[in-house]
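Peer 1: First the structure, which I've put down as structure tokens, then a few questions once you've had a look.
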Amino acid sequence: MSATSDEALAGRIHAAVSEATRRYLVERRARVAPFTRKHFSLRGALRINRRALGKDMLRTPANVLWAVPQLLARGGAALGRKLGLDSLAQWLDRLPPGFKTDVEREIEWLIYSELLELPFAQDGRNCARDALLEEILAHPTISRLLIPELIRLDELAHRQNFRQRLEDYLTTYTASRTAAADLSGSLLSLAAVVAALLQFTPGAMAVGGATAAAIAHHLASANFLLGPTLGALYYGLFPAAVSSGLLVATTGGLIVALGTLSALAGVITDPLQQALGLHERRLLKLLGALERELTGQGDGYRLHDAYVARIFDLWDLLQAATRTLT
């Protein structure tokens, strides 16, 4: 293939990925309202926030206590950058924002697995779906590129010992026999489905998901907040001079009170925010951030290029495998 044709093909793939990405985002935005009704109405809020009746009863008060030092650290980092103290600013930026609660983890899981449908692993559970990759594969330009190679792979799969030969071949790419076996099974399954239906189907592609870590920091905006009132309440309870016994008793009582309140607050505030459309606006803002990453407008990792590279890698792998093992 000439350099000109290579450039033309790359241009078509980039355009196809961009168009498929826009379709994916339109579909995700259409899911936001049903998603918030399901998970932030009274019934959904009860199901999610019951997770606060465990270790979150300790984590939430700890996060409240940590809020002021964290705010001071962020201000110090900004001041350090202005004064040219980059090392100090970077050290302050590395301070953790607090403890991630079980409620936050559950909302994070729901956003990845139900709203975005992007690959995500958390606490022993795994979402293997990559709805964006499926949308890209279904694009006519990508389908015309990959389907002939997959049909050829399916034809070769019926030959004796072909799967073993394919695994041996893929070991050179993955440097792992286990990974090669998984990849071989995925490719052959995908080839069989495509050969039977002459199209990509949802869930058929399990070769692996592109990274979505660039958007993880936006997910906190979908969670309920205790607000500054409780922080002011806490510091109002501790005058300058108190006995150690009173301090311990008050601190312990406050931790229990804040933990219990945090477990109940979401049950009240989530349905209220859902009714006011606040959760919906926050999730639409999240999708806006994801769109900037996918279109290369963000400051982080360009997910668009990651998906383009995945299509090229898959095409090269299929071509090499079918030609080498023919």
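By convention in this document, the chains of the structure tokens carry letters A, B, ... by their order, each chain's residues are numbered from 1, and ligands are numbered from 1 in the order they are shown.
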Which residues are close to Leu137 in chain A, i.e. within 12 Å by only C-alpha atoms, leaving aside same-chain residues fewer than 4 positions away? Reply as an NGL selection string.

Peer 2: :A and (13 or 16-17 or 19-21 or 24 or 130-133 or 141-147 or 190 or 194 or 199-205 or 307-308 or 310-312 or 314-315)

Peer 1: Would you write out those residues with N, CA and C atoms, as a CSV table (one decimal), in the first residue's frame?

Peer 2:
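Heads up, here's the output in selection_22.csv:
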chain,number,residue,atom,x,y,z
A,13,ILE,N,-10.5,6.6,8.5
A,13,ILE,CA,-10.7,6.0,9.9
A,13,ILE,C,-10.9,7.1,10.9
A,16,ALA,N,-14.4,8.4,10.5
A,16,ALA,CA,-15.4,7.4,11.0
A,16,ALA,C,-15.5,7.4,12.5
A,17,VAL,N,-14.3,7.4,13.1
A,17,VAL,CA,-14.3,7.4,14.6
A,17,VAL,C,-14.9,8.6,15.2
A,19,GLU,N,-17.3,10.5,13.7
A,19,GLU,CA,-18.7,10.4,13.5
A,19,GLU,C,-19.4,9.5,14.5
A,20,ALA,N,-18.8,8.3,14.7
A,20,ALA,CA,-19.3,7.3,15.6
A,20,ALA,C,-19.3,7.9,17.0
A,21,THR,N,-18.3,8.6,17.4
A,21,THR,CA,-18.2,9.2,18.7
A,21,THR,C,-19.3,10.2,18.9
A,24,TYR,N,-22.4,8.2,19.6
A,24,TYR,CA,-22.3,7.6,20.9
A,24,TYR,C,-22.8,8.6,22.0
A,130,ASP,N,-18.0,-2.1,26.0
A,130,ASP,CA,-17.4,-0.8,25.5
A,130,ASP,C,-18.3,-0.3,24.4
A,131,ALA,N,-19.4,0.4,24.8
A,131,ALA,CA,-20.4,0.9,23.8
A,131,ALA,C,-19.8,1.8,22.8
A,132,LEU,N,-18.8,2.6,23.1
A,132,LEU,CA,-18.2,3.5,22.1
A,132,LEU,C,-17.5,2.7,21.1
A,133,LEU,N,-16.7,1.6,21.5
A,133,LEU,CA,-16.0,0.8,20.5
A,133,LEU,C,-17.0,0.1,19.6
A,141,THR,N,-17.6,2.6,7.3
A,141,THR,CA,-16.2,2.6,6.9
A,141,THR,C,-15.4,1.6,7.6
A,142,ILE,N,-15.6,1.4,8.9
A,142,ILE,CA,-14.9,0.5,9.7
A,142,ILE,C,-15.3,-0.9,9.4
A,143,SER,N,-16.6,-1.1,9.2
A,143,SER,CA,-17.2,-2.4,8.9
A,143,SER,C,-16.6,-3.0,7.6
A,144,ARG,N,-16.6,-2.1,6.6
A,144,ARG,CA,-16.0,-2.5,5.3
A,144,ARG,C,-14.5,-2.9,5.4
A,145,LEU,N,-13.8,-2.3,6.3
A,145,LEU,CA,-12.4,-2.5,6.5
A,145,LEU,C,-12.2,-3.9,7.2
A,146,LEU,N,-13.0,-4.2,8.2
A,146,LEU,CA,-12.7,-5.3,9.1
A,146,LEU,C,-13.5,-6.6,8.8
A,147,ILE,N,-14.7,-6.4,8.3
A,147,ILE,CA,-15.6,-7.6,8.1
A,147,ILE,C,-14.9,-8.6,7.1
A,190,LEU,N,-15.7,-13.4,17.7
A,190,LEU,CA,-16.1,-12.2,16.9
A,190,LEU,C,-16.2,-12.6,15.4
A,194,VAL,N,-19.6,-12.3,13.1
A,194,VAL,CA,-19.6,-11.4,11.9
A,194,VAL,C,-19.9,-12.3,10.7
A,199,GLN,N,-22.3,-8.4,10.2
A,199,GLN,CA,-22.3,-7.1,10.9
A,199,GLN,C,-21.8,-7.3,12.3
A,200,PHE,N,-21.4,-6.2,13.0
A,200,PHE,CA,-21.0,-6.3,14.4
A,200,PHE,C,-22.2,-6.1,15.2
A,201,THR,N,-22.3,-6.9,16.3
A,201,THR,CA,-23.4,-6.9,17.2
A,201,THR,C,-22.9,-6.4,18.6
A,202,PRO,N,-23.8,-5.7,19.3
A,202,PRO,CA,-23.4,-5.3,20.7
A,202,PRO,C,-22.9,-6.4,21.5
A,203,GLY,N,-21.8,-6.2,22.2
A,203,GLY,CA,-21.2,-7.2,23.1
A,203,GLY,C,-20.3,-8.2,22.4
A,204,ALA,N,-20.3,-8.2,21.0
A,204,ALA,CA,-19.5,-9.1,20.3
A,204,ALA,C,-18.0,-8.9,20.5
A,205,MET,N,-17.6,-7.6,20.6
A,205,MET,CA,-16.2,-7.2,20.7
A,205,MET,C,-15.7,-7.2,22.1
A,307,TYR,N,-8.8,5.2,20.4
A,307,TYR,CA,-9.8,4.3,19.7
A,307,TYR,C,-9.3,4.2,18.2
A,308,VAL,N,-8.8,5.2,17.6
A,308,VAL,CA,-8.3,5.1,16.2
A,308,VAL,C,-7.1,4.1,16.2
A,310,ARG,N,-6.7,1.6,18.2
A,310,ARG,CA,-7.3,0.3,18.4
A,310,ARG,C,-7.8,-0.3,17.1
A,311,ILE,N,-8.4,0.5,16.3
A,311,ILE,CA,-8.9,0.0,15.0
A,311,ILE,C,-7.8,-0.4,14.1
A,312,PHE,N,-6.8,0.4,14.0
A,312,PHE,CA,-5.6,0.1,13.2
A,312,PHE,C,-4.9,-1.2,13.7
A,314,LEU,N,-6.3,-3.7,15.4
A,314,LEU,CA,-7.1,-4.8,15.1
A,314,LEU,C,-7.0,-5.2,13.6
A,315,TRP,N,-7.0,-4.2,12.8
A,315,TRP,CA,-6.9,-4.5,11.3
A,315,TRP,C,-5.6,-5.1,11.0

Peer 1: Hey, can you check how far CA of Gly75 in chain A sits from CA of Asn63 in chain A?

Peer 2: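 Computed distance, CA of Gly75 in chain A to CA of Asn63 in chain A, equals 17.8 Å.
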
Peer 1: So which bits of range 261-326 of chain A end up alpha helix (DSSP H) when you DSSP the backbone, as a VMD selection string?

Peer 2: chain A and resid 261 to 276 278 to 294 303 to 324

Peer 1: Would you list the contacts of Asp168 in chain A as a list in words, taking every protein, DNA or RNA residue within 12 Å and counting only C-alpha atoms, but skipping same-chain residues closer than 2 positions in sequence?

Peer 2: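 Contacts, in chain order: Asn161, Phe162, Arg163, Gln164, Arg165, Leu166, Leu170, Thr171, Thr172, Tyr173, Thr174, Ala175, Ser176, Arg177, Thr178, Ala179, Ala180, Ala181, Leu183, Ser184, Ala321, Thr324 and Leu325 of chain A.
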
Peer 1: Select, from A:Asp86, A:Glu293, A:Glu117, A:Asn49, the residue with the minimum atom-to-atom distance to Asp305 in chain A, counting only C-alpha atoms.

Peer 2: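 For Asp305 in chain A, the nearest of the candidates is A:Glu293.
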
Peer 1: Just the strand (DSSP E) stuff from range 74-202 of chain A, please, per backbone DSSP, written as number ranges by chain.

Peer 2: A: 120-122, 125-127

Peer 1: Mind checking which residues fall within 8 Å of range 270-272 of chain A, counting only C-alpha atoms, ignoring those fewer than 3 positions away in the same chain, and posting them as a PyMOL selection string?

Peer 2: chain A and resi 40-42+45+224+266-267+275-276

Peer 1: The selected residues should be written to file as a tab-separated table (two decimals), in the first residue's frame (atoms: C-alpha atoms).

Peer 2:
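To be explicit, this is the file written out as result29.tsv:
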chain	number	residue	atom	x	y	z
A	40	PHE	CA	-31.84	9.30	42.31
A	41	SER	CA	-35.57	9.09	42.89
A	42	LEU	CA	-36.65	8.01	46.38
A	45	ALA	CA	-31.67	6.89	46.60
A	224	PHE	CA	-24.35	14.35	47.13
A	266	GLY	CA	-28.64	11.31	50.47
A	267	VAL	CA	-32.08	9.74	50.85
A	275	ALA	CA	-36.62	16.72	40.96
A	276	LEU	CA	-34.80	20.03	40.45

Peer 1: Would you please work out which residue, of A:Leu92, A:Ala10, A:Ala52, A:Ala289, is nearest to Gln70 in chain A when using only C-alpha atoms?

Peer 2: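 The answer is A:Leu92, which sits nearest to Gln70 in chain A.
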
Peer 1: Out of A:Leu287, A:Val103, A:Ala78, A:Ala89, which residue has the shortest atom-to-atom distance to Arg50 in chain A when counting only C-alpha atoms?

Peer 2: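 Smallest separation from Arg50 in chain A among the options: A:Val103.
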